[in-house]
Amino acid sequence: MFEKIIFELLQGFGNTLALFAITLVLSLPLGLLMSFGTMSKFKPLSYLCKGIIWVIRGTPLMLQVLLVSFLPKYLFKVYNKDVAIFLGVSTNTLLFIFVAVAFVINYACYFSEIFRSGIQAISKGQYEAGKVLGLTKTQVFFKVVLMQVVKIIIPPMSNEIITLVKDTALAQILGVVDLLNAAQHAVNNYVILTPLLYAAIFYLIFNGILTLLFGRIEKKLSYYKV
């Protein structure tokens, strides 16, 4: 029975890990783009990005996941099963995609604010010094500013990423079998509580690895100080 429980938890952890990786890979560059949008001198773009961020940060992620899953029906008058057939995927895969889209948008908005605060923390004197040396704005950003920004944003970024690990449990709202969902199924099937303990250990180990990783990155970047 122990082997069966661990196997089920590993399957659920696979979906948790996939959702975590997809969200991180897509939300980081999208968040950077949105931060540039909020700082843009083109007011319509700036107001649009700020408005999106305000809405996303002001509403629960659970609600956003549900809204994304309802979009095909209310916008295009088609059911999710028809969308799955059209895309050539299973309904479970489609639900996973909905969850991933909601997570990417949500975390991109949070990351954008972290990027923005990090970029604005750099003194304007460094940009001006770069111009005096004949560097373009792009060269100043990548050669002078970028590593300093990374140094500033690592602590808040690590907190958000660790929070992301725990938020993946919200995937079960749409029936996606993540780690916690698999643990709950095991509890119901075997009428024992130990699967929840095992799931907690999985989360602790995963977050522990991330904490150590970010700690090492922060130490390596200690050279770059504003």
# chains A, B, ... in the order shown; residues from 1 in each chain; ligands from 1
>>> select_by_dssp(residues="stretch 12-217 of chain A", states="alpha helix (DSSP H)", output="VMD selection string")
chain A and resid 12 to 38 43 to 57 61 to 76 80 to 87 91 to 120 124 to 132 137 to 140 146 to 167 179 to 190 194 to 217
>>> closest_atom_pairs(of="stretch 86-196 of chain A", to="stretch 65-79 of chain A", cutoff="9 Å", atoms="only C-alpha atoms", output="tab-separated table")
residue	atom	partner	partner_atom	distance
A:Leu95	CA	A:Ser69	CA	7.2
A:Phe98	CA	A:Ser69	CA	5.7
A:Val99	CA	A:Val65	CA	5.6
A:Ala100	CA	A:Val65	CA	8.6
A:Val101	CA	A:Val68	CA	7.6
A:Ala102	CA	A:Val65	CA	5.2
A:Phe103	CA	A:Val65	CA	7.5
A:Leu170	CA	A:Val65	CA	8.4
A:Ala171	CA	A:Val65	CA	8.1
A:Ile173	CA	A:Leu66	CA	7.8
A:Leu174	CA	A:Leu66	CA	7.6
>>> residues_around(residues="stretch 152-165 of chain A", least_positions_apart="4", cutoff="10 Å", atoms="only C-alpha atoms", output="PDB file with C-alpha atoms, in the first residue's frame")
ATOM      1  CA  THR A  16       2.541  20.209  -9.706  1.00  0.00           C
ATOM      2  CA  LEU A  17       6.084  20.438 -11.047  1.00  0.00           C
ATOM      3  CA  LEU A  19       2.503  23.774 -13.558  1.00  0.00           C
ATOM      4  CA  PHE A  20       5.289  25.368 -11.505  1.00  0.00           C
ATOM      5  CA  ALA A  21       7.777  25.231 -14.394  1.00  0.00           C
ATOM      6  CA  THR A  23       4.221  29.379 -14.829  1.00  0.00           C
ATOM      7  CA  LEU A  24       7.774  30.403 -14.002  1.00  0.00           C
ATOM      8  CA  LEU A  28       8.954  36.007 -15.781  1.00  0.00           C
ATOM      9  CA  PHE A 103      -1.306  31.168 -13.132  1.00  0.00           C
ATOM     10  CA  TYR A 107       2.219  35.740 -11.440  1.00  0.00           C
ATOM     11  CA  TYR A 110       3.125  40.213  -9.357  1.00  0.00           C
ATOM     12  CA  PHE A 111       6.537  39.794 -10.972  1.00  0.00           C
ATOM     13  CA  ILE A 114       8.898  43.424  -8.447  1.00  0.00           C
ATOM     14  CA  PHE A 115      10.747  44.179 -11.692  1.00  0.00           C
ATOM     15  CA  ARG A 116       9.434  47.752 -11.700  1.00  0.00           C
ATOM     16  CA  SER A 117      10.522  48.425  -8.122  1.00  0.00           C
ATOM     17  CA  GLY A 118      13.959  46.960  -8.827  1.00  0.00           C
ATOM     18  CA  ILE A 119      14.494  49.025 -11.985  1.00  0.00           C
ATOM     19  CA  ALA A 121      15.590  51.643  -7.366  1.00  0.00           C
ATOM     20  CA  ILE A 122      18.633  52.256  -9.577  1.00  0.00           C
ATOM     21  CA  LEU A 146      20.624  44.591 -15.025  1.00  0.00           C
ATOM     22  CA  MET A 147      22.758  42.728 -12.467  1.00  0.00           C
ATOM     23  CA  GLN A 148      22.058  45.379  -9.844  1.00  0.00           C
ATOM     24  CA  ALA A 169      -2.640  23.242  -4.976  1.00  0.00           C
ATOM     25  CA  TYR A 203       6.261  20.475  -0.368  1.00  0.00           C
ATOM     26  CA  LEU A 204       8.832  21.063   2.389  1.00  0.00           C
ATOM     27  CA  PHE A 206      10.755  21.248  -2.768  1.00  0.00           C
ATOM     28  CA  ASN A 207      10.609  24.601  -0.985  1.00  0.00           C
ATOM     29  CA  GLY A 208      13.749  23.750   0.975  1.00  0.00           C
ATOM     30  CA  LEU A 210      14.383  26.458  -3.691  1.00  0.00           C
ATOM     31  CA  THR A 211      15.346  28.310  -0.499  1.00  0.00           C
ATOM     32  CA  LEU A 213      19.137  27.733  -4.352  1.00  0.00           C
ATOM     33  CA  PHE A 214      18.050  31.345  -3.946  1.00  0.00           C
ATOM     34  CA  GLY A 215      20.328  31.716  -0.935  1.00  0.00           C
ATOM     35  CA  ILE A 217      22.274  32.982  -5.910  1.00  0.00           C
ATOM     36  CA  GLU A 218      21.942  35.908  -3.500  1.00  0.00           C
ATOM     37  CA  LEU A 221      25.278  38.379  -6.535  1.00  0.00           C
ATOM     38  CA  SER A 222      26.485  40.141  -3.374  1.00  0.00           C
ATOM     39  CA  TYR A 224      26.660  43.775  -7.368  1.00  0.00           C
ATOM     40  CA  LYS A 225      25.591  46.431  -4.914  1.00  0.00           C
ATOM     41  CA  VAL A 226      23.778  49.677  -5.660  1.00  0.00           C
TER      42      VAL A 226
END
>>> closest_residue(among="A:Leu212, A:Ile192, A:Ala182, A:Ile201", to="A:Gln11", atoms="only C-alpha atoms")
A:Ala182
>>> atom_distance(atom1="atom CA of A:Val55", atom2="atom CA of A:Asn181")
28.3 Å
